[in-house]
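Asks: This one is target-v3.txt, compact mmCIF, C-alpha atoms and all ligand atoms.
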```
# COMPACT_ATOMS: atom_id res chain seq x y z
CA MET G 1 109.22 91.92 108.28
CA ARG G 2 106.01 91.94 106.19
CA ARG G 3 103.86 92.66 109.25
CA LEU G 4 106.23 95.40 110.45
CA LEU G 5 106.19 97.11 107.05
CA LEU G 6 102.39 96.89 106.85
CA TRP G 7 102.18 98.37 110.37
CA CYS G 8 104.45 101.23 109.22
CA ALA G 9 102.11 101.74 106.22
CA GLN G 10 99.34 102.71 108.66
CA ASN G 11 101.44 104.79 111.08
CA ARG G 12 100.43 108.46 110.92
CA TRP G 13 103.73 109.90 112.15
CA LEU G 14 105.73 108.00 109.56
CA ALA G 15 103.18 108.88 106.85
CA THR G 16 103.74 112.57 107.56
CA HIS G 17 107.51 112.49 107.89
CA VAL G 18 108.93 109.82 105.57
CA PRO G 19 107.76 111.48 102.30
CA ARG G 20 109.91 114.50 103.25
CA TRP G 21 113.10 112.45 103.36
CA ARG G 22 115.06 112.79 100.16
CA PHE G 23 116.42 109.23 100.18
CA ALA G 24 112.85 107.87 100.48
CA ARG G 25 111.73 109.97 97.51
CA ARG G 26 114.71 108.64 95.54
CA ALA G 27 113.88 105.04 96.46
CA VAL G 28 110.20 105.32 95.48
CA ARG G 29 111.17 106.33 91.93
CA ARG G 30 111.75 102.66 91.26
CA PHE G 31 107.99 102.09 91.32
CA LEU G 32 106.79 105.45 89.97
CA PRO G 33 107.83 107.08 86.69
CA GLY G 34 107.28 110.42 88.49
CA GLU G 35 104.83 112.16 90.78
CA GLY G 36 102.97 114.03 88.00
CA PHE G 37 100.50 112.56 85.50
CA GLU G 38 102.72 113.75 82.60
CA ALA G 39 105.40 111.22 83.62
CA ALA G 40 102.78 108.46 83.81
CA LEU G 41 101.44 109.40 80.38
CA LYS G 42 104.94 109.35 78.90
CA ALA G 43 105.54 105.89 80.39
CA ALA G 44 102.22 104.73 78.90
CA VAL G 45 103.21 105.99 75.45
CA ASP G 46 106.45 103.97 75.72
CA PHE G 47 104.50 100.89 76.79
CA LYS G 48 102.22 101.24 73.78
CA THR G 49 105.15 100.60 71.45
CA GLN G 50 105.58 97.26 73.26
CA ARG G 51 101.89 96.36 73.00
CA ILE G 52 101.41 96.88 76.74
CA GLY G 53 98.34 98.79 77.90
CA ALA G 54 98.37 101.28 80.77
CA LEU G 55 96.31 101.24 83.92
CA PHE G 56 96.53 104.66 85.55
CA THR G 57 96.11 105.11 89.26
CA LEU G 58 96.39 108.34 91.20
CA LEU G 59 97.79 107.50 94.62
CA GLY G 60 95.75 108.40 97.69
CA GLU G 61 93.43 106.65 100.13
CA ASN G 62 91.31 107.18 103.24
CA LEU G 63 90.43 110.75 102.31
CA THR G 64 88.83 112.76 105.11
CA ASP G 65 87.37 115.61 103.05
CA LEU G 66 84.76 115.18 100.28
CA ALA G 67 86.19 118.19 98.45
CA ASP G 68 89.38 116.14 97.91
CA ALA G 69 87.29 113.23 96.56
CA ASP G 70 85.66 115.65 94.13
CA SER G 71 89.13 116.72 92.94
CA VAL G 72 90.02 113.05 92.37
CA VAL G 73 86.98 112.61 90.11
CA LYS G 74 87.84 115.78 88.19
CA HIS G 75 91.43 114.63 87.83
CA TYR G 76 90.36 111.29 86.33
CA GLU G 77 87.98 113.06 83.96
CA GLU G 78 91.02 114.97 82.67
CA VAL G 79 93.09 111.77 82.51
CA LEU G 80 90.41 110.05 80.41
CA ALA G 81 90.35 113.01 78.04
CA ALA G 82 94.18 113.17 77.82
CA SER G 83 94.76 109.48 77.13
CA ARG G 84 92.63 109.02 74.02
CA GLU G 85 95.61 108.02 71.87
CA ILE G 86 96.73 105.12 74.06
CA GLU G 87 95.24 101.89 75.37
CA ALA G 88 94.47 103.02 78.92
CA GLU G 89 92.20 102.12 81.81
CA ILE G 90 91.88 103.72 85.24
CA SER G 91 91.81 102.26 88.74
CA VAL G 92 90.51 103.94 91.88
CA LYS G 93 90.20 103.18 95.58
CA PRO G 94 86.74 103.60 97.17
CA THR G 95 88.24 105.45 100.16
CA GLN G 96 89.77 107.89 97.66
CA LEU G 97 86.20 108.69 96.58
CA GLY G 98 85.02 109.33 100.14
CA LEU G 99 83.89 105.89 101.37
CA ASP G 100 85.18 106.60 104.91
CA ILE G 101 83.13 109.81 105.05
CA ASP G 102 79.84 109.10 103.30
CA ALA G 103 78.98 105.93 101.34
CA ALA G 104 76.28 107.71 99.30
CA ALA G 105 78.75 110.40 98.23
CA ALA G 106 81.34 107.75 97.33
CA PHE G 107 78.76 105.97 95.17
CA ALA G 108 77.82 109.23 93.44
CA ASN G 109 81.52 109.87 92.74
CA LEU G 110 81.90 106.37 91.35
CA GLN G 111 78.87 106.93 89.10
CA ARG G 112 80.42 110.15 87.79
CA LEU G 113 83.66 108.30 87.04
CA ALA G 114 81.80 105.45 85.34
CA ARG G 115 79.94 107.94 83.13
CA ALA G 116 83.22 109.68 82.21
CA ALA G 117 84.85 106.32 81.44
CA GLU G 118 81.91 105.25 79.28
CA LYS G 119 82.02 108.51 77.36
CA ALA G 120 85.74 107.99 76.71
CA LYS G 121 85.12 104.27 75.91
CA ARG G 122 87.48 103.28 78.68
CA PHE G 123 87.35 100.79 81.52
CA LEU G 124 87.12 101.72 85.21
CA TRP G 125 88.52 99.42 87.91
CA ILE G 126 87.66 99.55 91.60
CA ASP G 127 90.63 98.59 93.80
CA MET G 128 90.03 96.36 96.79
CA GLU G 129 91.35 97.69 100.11
CA GLY G 130 91.59 96.00 103.54
CA SER G 131 88.93 93.49 104.60
CA ALA G 132 87.04 96.15 106.60
CA TYR G 133 86.01 97.52 103.19
CA THR G 134 85.23 94.31 101.27
CA ASP G 135 81.45 94.28 101.83
CA ARG G 136 81.06 98.00 101.18
CA THR G 137 83.21 97.84 98.04
CA LEU G 138 81.26 94.90 96.64
CA ASP G 139 78.04 96.69 97.47
CA LEU G 140 79.21 99.69 95.41
CA TYR G 141 80.11 97.37 92.56
CA ARG G 142 76.82 95.43 92.62
CA ARG G 143 74.84 98.65 92.48
CA LEU G 144 76.96 100.20 89.75
CA ARG G 145 77.42 97.22 87.47
CA PRO G 146 73.87 97.04 86.01
CA GLN G 147 74.22 100.62 84.75
CA ALA G 148 77.92 100.38 83.83
CA PRO G 149 79.14 97.33 81.88
CA HIS G 150 82.70 98.66 81.63
CA VAL G 151 83.46 98.63 85.38
CA GLY G 152 85.40 95.92 87.21
CA VAL G 153 86.49 95.17 90.74
CA ALA G 154 89.61 93.67 92.30
CA LEU G 155 89.22 90.54 94.44
CA GLN G 156 91.89 89.12 96.76
CA ALA G 157 92.90 85.45 96.70
CA TYR G 158 94.14 85.57 100.31
CA LEU G 159 90.57 86.03 101.64
CA TYR G 160 88.64 82.82 102.38
CA ARG G 161 85.44 84.52 101.24
CA THR G 162 86.61 85.28 97.70
CA VAL G 163 85.31 82.09 96.11
CA SER G 164 81.80 82.86 97.33
CA ASP G 165 82.17 86.51 96.29
CA VAL G 166 83.04 85.37 92.76
CA ALA G 167 80.04 83.01 92.70
CA GLY G 168 77.79 85.82 93.92
CA LEU G 169 79.05 88.26 91.26
CA LEU G 170 78.85 85.89 88.28
CA PRO G 171 75.18 86.61 87.48
CA LEU G 172 76.23 90.25 86.90
CA ARG G 173 78.70 89.18 84.15
CA PRO G 174 81.43 90.95 86.11
CA ALA G 175 84.96 92.03 85.37
CA ILE G 176 87.34 90.77 88.06
CA ARG G 177 90.97 91.68 88.62
CA LEU G 178 92.36 88.84 90.69
CA VAL G 179 95.17 89.84 93.09
CA LYS G 180 96.78 87.96 95.96
CA GLY G 181 96.07 90.79 98.45
CA ALA G 182 98.33 93.48 99.88
CA TYR G 183 97.03 94.24 103.40
CA ALA G 184 97.71 92.84 106.89
CA GLU G 185 94.79 90.48 107.52
CA PRO G 186 94.20 88.17 110.51
CA PRO G 187 94.05 84.36 110.10
CA GLU G 188 90.31 84.51 110.86
CA VAL G 189 89.65 86.01 107.42
CA ALA G 190 92.69 85.26 105.26
CA PHE G 191 95.26 82.61 104.42
CA THR G 192 98.56 83.71 105.91
CA ALA G 193 100.93 81.17 104.32
CA LYS G 194 102.10 82.09 100.82
CA ARG G 195 101.61 78.55 99.50
CA ASP G 196 97.93 78.62 100.60
CA VAL G 197 97.37 82.01 98.95
CA ASP G 198 99.01 80.73 95.74
CA ALA G 199 96.90 77.54 95.80
CA ASN G 200 93.71 79.56 96.26
CA TYR G 201 94.74 81.94 93.46
CA LEU G 202 95.09 79.00 91.09
CA ALA G 203 91.85 77.40 92.28
CA LEU G 204 90.04 80.70 91.62
CA CYS G 205 91.55 80.82 88.12
CA VAL G 206 90.33 77.28 87.45
CA PHE G 207 86.87 78.35 88.64
CA MET G 208 86.80 81.54 86.56
CA LEU G 209 88.57 80.73 83.27
CA PRO G 210 85.65 78.61 81.92
CA GLU G 211 83.42 81.65 82.55
CA VAL G 212 85.84 83.76 80.48
CA MET G 213 85.47 81.22 77.67
CA ARG G 214 81.67 81.53 77.91
CA SER G 215 82.05 85.34 77.67
CA ARG G 216 80.39 85.73 81.04
CA LEU G 217 83.40 87.24 82.77
CA ARG G 218 86.37 89.48 82.06
CA LEU G 219 89.28 88.23 84.16
CA VAL G 220 92.61 89.99 84.65
CA LEU G 221 95.35 88.14 86.50
CA ALA G 222 97.07 90.94 88.41
CA THR G 223 100.21 89.24 89.65
CA HIS G 224 103.97 89.16 89.07
CA ASP G 225 103.93 85.44 89.79
CA VAL G 226 104.79 84.23 86.31
CA ASP G 227 104.70 80.58 87.40
CA LEU G 228 101.07 81.01 88.42
CA VAL G 229 100.32 82.77 85.14
CA ALA G 230 101.93 79.84 83.27
CA LYS G 231 99.79 77.35 85.20
CA ALA G 232 96.62 79.35 84.54
CA TRP G 233 97.58 79.52 80.87
CA ARG G 234 98.03 75.72 80.65
CA PHE G 235 94.51 75.36 82.02
CA GLY G 236 93.23 78.04 79.62
CA GLN G 237 94.89 76.23 76.70
CA ALA G 238 93.10 73.03 77.65
CA LEU G 239 89.85 75.01 77.45
CA GLY G 240 90.76 76.20 73.93
CA MET G 241 91.65 79.72 75.00
CA ASP G 242 93.48 82.10 72.69
CA ARG G 243 96.57 83.82 74.14
CA SER G 244 95.03 87.27 73.73
CA GLN G 245 92.15 86.16 75.96
CA LEU G 246 94.49 85.74 78.92
CA GLU G 247 94.94 89.17 80.51
CA VAL G 248 97.82 89.84 82.88
CA ALA G 249 98.54 93.03 84.83
CA MET G 250 101.69 93.98 86.71
CA LEU G 251 102.94 97.07 88.49
CA TYR G 252 105.29 99.60 86.93
CA GLY G 253 108.91 98.77 87.73
CA ILE G 254 108.29 95.16 88.73
CA ARG G 255 109.23 92.29 86.41
CA ALA G 256 109.40 94.65 83.45
CA GLY G 257 111.15 92.02 81.31
CA GLU G 258 108.36 89.52 81.95
CA GLN G 259 105.74 92.08 80.95
CA VAL G 260 107.49 92.57 77.60
CA ARG G 261 107.92 88.82 77.11
CA LEU G 262 104.24 88.06 77.80
CA ALA G 263 103.13 90.85 75.45
CA ARG G 264 105.47 89.56 72.71
CA GLU G 265 104.08 86.07 73.13
CA GLY G 266 100.59 87.43 72.42
CA PHE G 267 99.05 87.70 75.89
CA THR G 268 97.12 90.86 76.76
CA VAL G 269 99.33 92.77 79.20
CA TRP G 270 98.60 95.81 81.34
CA ASP G 271 101.06 97.85 83.38
CA LEU G 272 99.60 99.65 86.39
CA ILE G 273 101.27 103.06 86.49
CA ALA G 274 100.83 104.81 89.82
CA TYR G 275 101.61 108.50 90.28
CA GLY G 276 100.92 111.36 92.69
CA ASP G 277 102.53 112.52 95.91
CA ALA G 278 100.46 110.36 98.30
CA TRP G 279 102.72 107.38 97.76
CA TYR G 280 103.72 106.53 101.33
CA ALA G 281 101.24 103.74 102.30
CA TRP G 282 101.21 102.33 98.76
CA TYR G 283 105.02 102.21 98.68
CA LEU G 284 105.24 100.48 102.07
CA ARG G 285 102.90 97.77 100.75
CA ARG G 286 105.28 97.28 97.79
CA LEU G 287 108.18 96.86 100.23
CA ALA G 288 106.14 94.39 102.29
CA GLU G 289 105.51 92.27 99.19
CA ARG G 290 109.23 91.75 98.84
CA PRO G 291 111.19 92.66 101.96
CA ALA G 292 114.40 92.38 99.90
CA ASN G 293 113.31 95.76 98.50
CA VAL G 294 114.20 97.26 101.87
CA TRP G 295 117.89 96.78 101.00
CA PHE G 296 117.27 98.79 97.86
CA VAL G 297 115.96 101.61 100.09
CA ALA G 298 118.93 101.27 102.42
CA ARG G 299 121.31 101.65 99.48
CA GLN G 300 119.74 105.05 98.74
CA LEU G 301 121.23 106.24 102.03
CA LEU G 302 124.74 105.72 100.69
CA PRO G 303 126.39 108.68 98.99
C1 LIG Z 401 97.93 95.37 88.57
C2 LIG Z 401 97.84 95.13 90.04
C3 LIG Z 401 96.78 95.63 90.77
C4 LIG Z 401 96.68 95.39 92.15
N1 LIG Z 401 95.59 95.82 92.84
C5 LIG Z 401 95.42 95.46 94.13
C6 LIG Z 401 94.22 95.73 94.83
O1 LIG Z 401 93.29 96.35 94.30
N2 LIG Z 401 94.12 95.32 96.12
C7 LIG Z 401 95.13 94.61 96.75
O2 LIG Z 401 94.97 94.20 97.91
N3 LIG Z 401 96.28 94.34 96.10
C8 LIG Z 401 96.45 94.73 94.82
N4 LIG Z 401 97.63 94.42 94.16
C9 LIG Z 401 98.78 93.87 94.93
C10 LIG Z 401 98.69 92.36 95.11
O3 LIG Z 401 97.65 92.05 96.01
C11 LIG Z 401 100.01 91.78 95.65
O4 LIG Z 401 100.30 92.35 96.89
C12 LIG Z 401 101.20 92.01 94.73
O5 LIG Z 401 100.87 91.88 93.40
C13 LIG Z 401 102.34 91.00 95.06
O6 LIG Z 401 101.90 89.71 94.87
P1 LIG Z 401 102.18 88.87 93.54
O7 LIG Z 401 100.87 88.42 93.01
O8 LIG Z 401 102.98 89.64 92.57
O9 LIG Z 401 102.91 87.55 94.04
P2 LIG Z 401 104.21 87.33 94.94
O10 LIG Z 401 104.23 85.87 95.21
O11 LIG Z 401 104.22 88.27 96.08
O12 LIG Z 401 105.37 87.72 93.97
C14 LIG Z 401 105.76 86.95 92.85
C15 LIG Z 401 107.14 87.44 92.42
O13 LIG Z 401 107.00 88.76 91.88
C16 LIG Z 401 108.03 89.62 92.33
N5 LIG Z 401 107.46 90.71 93.15
C17 LIG Z 401 106.22 90.76 93.70
N6 LIG Z 401 106.03 91.93 94.34
C18 LIG Z 401 107.19 92.61 94.22
C19 LIG Z 401 107.62 93.88 94.67
N7 LIG Z 401 106.84 94.69 95.38
N8 LIG Z 401 108.88 94.27 94.37
C20 LIG Z 401 109.69 93.48 93.63
N9 LIG Z 401 109.34 92.27 93.17
C21 LIG Z 401 108.11 91.83 93.45
C22 LIG Z 401 108.97 88.76 93.14
O14 LIG Z 401 110.01 88.33 92.32
C23 LIG Z 401 108.13 87.61 93.59
O15 LIG Z 401 108.89 86.47 93.78
C24 LIG Z 401 97.72 94.64 92.80
C25 LIG Z 401 98.78 94.12 92.05
C26 LIG Z 401 98.84 94.34 90.70
C27 LIG Z 401 99.98 93.74 89.94
```
Go ahead and express the file in the form of structure tokens.
Ligand SMILES: Cc1cc2nc3c(=O)[nH]c(=O)nc-3n(C[C@H](O)[C@H](O)[C@H](O)COP(=O)(O)OP(=O)(O)OC[C@H]3O[C@@H](n4cnc5c(N)ncnc54)[C@H](O)[C@@H]3O)c2cc1C

Replies:
Amino acid sequence: MRRLLLWCAQNRWLATHVPRWRFARRAVRRFLPGEGFEAALKAAVDFKTQRIGALFTLLGENLTDLADADSVVKHYEEVLAASREIEAEISVKPTQLGLDIDAAAAFANLQRLARAAEKAKRFLWIDMEGSAYTDRTLDLYRRLRPQAPHVGVALQAYLYRTVSDVAGLLPLRPAIRLVKGAYAEPPEVAFTAKRDVDANYLALCVFMLPEVMRSRLRLVLATHDVDLVAKAWRFGQALGMDRSQLEVAMLYGIRAGEQVRLAREGFTVWDLIAYGDAWYAWYLRRLAERPANVWFVARQLLP
């Protein structure tokens, strides 16, 4: 089911037609407060009252026109200006900045975003896409990081290479958002069994948390796997970590109660709020993460 849903995520015909179906638009509302930024901002204001920070992401990927990438940068510049009153960060995909078209243009766009984020005293995250982009994404990050201390990158625990990527980034005093990984990857590059991905996630935490304690790394655990977070926290406690030093990020609409609980307990919690009309591929990846969600979609077909 996971593979089928991830195949659908990349199918052009479905990507053009499904977003027009009303029941699909109804179903996606579970993961998006709305398509416009105003709805995302409103959700972020509500989260602030619960001590949960917002991580804004405008949906869209694999852009084929640099003019669209330019609009994405301008949009985020407006977002940074509009979200001064709340604790907010932004997260962007390299292919949304033109990486498929021209790597130099994508880097220039990223630099513009980093400058805007610095001016607004905000953090910029670079999402990690499929493994065909890993090298190019890390290259962007390595080049940007020396001039932009408030930029981080997502790394995926399902890739075998991630441990060496972390080791290679450490001299840059990086910021890493650790995720399990959301794309269809072959066994040549990635663990395919969930228990192996989970074990690698924990091993990477054990590797990185001491670096957090030495202030050489900002680490955000981007997962809904609260058991893994609890295990990482037990390790962090043994290192003398304060709760606020453990950062956890989850997606809007998933495990909302756990987000509130972790924030109440004193952990630093972020909610990634996605918005925009280009939700198709992103939404299919959410379904693939938990195929039981497909029944939720099916229920939308009922009157
Ligand atoms: C803040 C954030 C940023 C991310 N950025 C990236 C990125 O840049 N690149 C990338 O490849 N991936 C990214 N992801 C997605 C990530 O790779 C996983 O696909 C996703 O988080 C599901 O894995 P999990 O860690 O929650 O663990 P899982 O073991 O999949 O899930 C743990 C539990 O959480 C719940 N859960 C998980 N997903 C769902 C869902 N979709 N619907 C309902 N319940 C669910 C279930 O109860 C499940 O049992 C991001 C995730 C988060 C939270």

Asks: Would you mind listing the residues within 6 Å of ligand LIG 401 (chain Z), counting only C-alpha atoms and all ligand atoms, as a ChimeraX atom specification?

Replies: /G:127-129,154,179-183,222-225,249-251,254,272,286-287,289-290

Asks: Using C-alpha atoms, can you write the selected residues to a file as a PDB file, keeping the file's coordinate frame?

Replies:
```pdb
ATOM      1  CA  ASP G 127      90.630  98.590  93.800  1.00  0.00           C
ATOM      2  CA  MET G 128      90.030  96.360  96.790  1.00  0.00           C
ATOM      3  CA  GLU G 129      91.350  97.690 100.110  1.00  0.00           C
ATOM      4  CA  ALA G 154      89.610  93.670  92.300  1.00  0.00           C
ATOM      5  CA  VAL G 179      95.170  89.840  93.090  1.00  0.00           C
ATOM      6  CA  LYS G 180      96.780  87.960  95.960  1.00  0.00           C
ATOM      7  CA  GLY G 181      96.070  90.790  98.450  1.00  0.00           C
ATOM      8  CA  ALA G 182      98.330  93.480  99.880  1.00  0.00           C
ATOM      9  CA  TYR G 183      97.030  94.240 103.400  1.00  0.00           C
ATOM     10  CA  ALA G 222      97.070  90.940  88.410  1.00  0.00           C
ATOM     11  CA  THR G 223     100.210  89.240  89.650  1.00  0.00           C
ATOM     12  CA  HIS G 224     103.970  89.160  89.070  1.00  0.00           C
ATOM     13  CA  ASP G 225     103.930  85.440  89.790  1.00  0.00           C
ATOM     14  CA  ALA G 249      98.540  93.030  84.830  1.00  0.00           C
ATOM     15  CA  MET G 250     101.690  93.980  86.710  1.00  0.00           C
ATOM     16  CA  LEU G 251     102.940  97.070  88.490  1.00  0.00           C
ATOM     17  CA  ILE G 254     108.290  95.160  88.730  1.00  0.00           C
ATOM     18  CA  LEU G 272      99.600  99.650  86.390  1.00  0.00           C
ATOM     19  CA  ARG G 286     105.280  97.280  97.790  1.00  0.00           C
ATOM     20  CA  LEU G 287     108.180  96.860 100.230  1.00  0.00           C
ATOM     21  CA  GLU G 289     105.510  92.270  99.190  1.00  0.00           C
ATOM     22  CA  ARG G 290     109.230  91.750  98.840  1.00  0.00           C
TER      23      ARG G 290
END
```

Asks: Measure the distance from CA of Val206 (chain G) to CA of Thr137 (chain G) in Å and round it to one decimal.

Replies: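 Rounded to one decimal, the two atoms are 24.2 Å apart.
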
Asks: When you count all atoms listed in the file, which of these residues is closest to Leu219 (chain G): G:Ala238, G:Leu155, G:Leu284, G:Ala67?

Replies: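 For Leu219 (chain G), the nearest of the given residues is G:Leu155.
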
Asks: If you measure from CA of Ala193 (chain G) to CA of Cys205 (chain G), what distance in Å do you get, rounded to one decimal?

Replies: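 A separation of 18.7 Å between them.
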
Asks: Nearest to Arg122 (chain G) among G:Val79, G:Val153, G:Leu144, G:Ala105, with distances taken over all atoms listed in the file: which residue is it?

Replies: G:Val79

Asks: So the first atom is CA of Arg3 (chain G) and the second is CA of Phe31 (chain G); what is the distance between them in Å, to one decimal place?

Replies: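 For CA of Arg3 (chain G) relative to CA of Phe31 (chain G), the distance reads 20.7 Å.
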
Asks: Rank nothing, just name the residue among G:Asn200, G:Ile101, G:Ala9, G:Leu217 nearest to Val163 (chain G), using only C-alpha atoms.

Replies: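 Comparing G:Asn200, G:Ile101, G:Ala9, G:Leu217 against Val163 (chain G), the winner is G:Asn200.
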
Asks: Out of G:Leu110, G:Val226, G:Cys8, G:Leu262, which residue has the shortest atom-to-atom distance to Arg243 (chain G) when counting all atoms listed in the file?

Replies: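 Closest candidate: G:Leu262.
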
Asks: Find, counting only C-alpha atoms, the residue in G:Lys231, G:Arg173, G:Arg51, G:Lys74 that gets nearest to Glu87 (chain G).

Replies: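 Answer, going by the shortest atom-to-atom distance: G:Arg51.
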
Asks: Please, which residues are within 6 Å of (89.9, 87.0, 82.1) by the file's coordinates, counting all atoms listed in the file, and could they come as a short mmCIF file (atom, residue, chain, number, x, y, z; two decimals) with C-alpha atoms, in the frame of the given file?

Replies:
```
data_model
loop_
_atom_site.label_atom_id
_atom_site.label_comp_id
_atom_site.auth_asym_id
_atom_site.auth_seq_id
_atom_site.Cartn_x
_atom_site.Cartn_y
_atom_site.Cartn_z
CA VAL G 212 85.84 83.76 80.48
CA ARG G 218 86.37 89.48 82.06
CA LEU G 219 89.28 88.23 84.16
CA VAL G 220 92.61 89.99 84.65
CA LEU G 246 94.49 85.74 78.92
CA GLU G 247 94.94 89.17 80.51
#
```

Asks: Do a neighbour search on Leu159 (chain G) at 8 Å with only C-alpha atoms, toss out local chain neighbours closer than 5 positions, and write the hits as an MDAnalysis selection string.

Replies: chainID G and resid 181 189:191
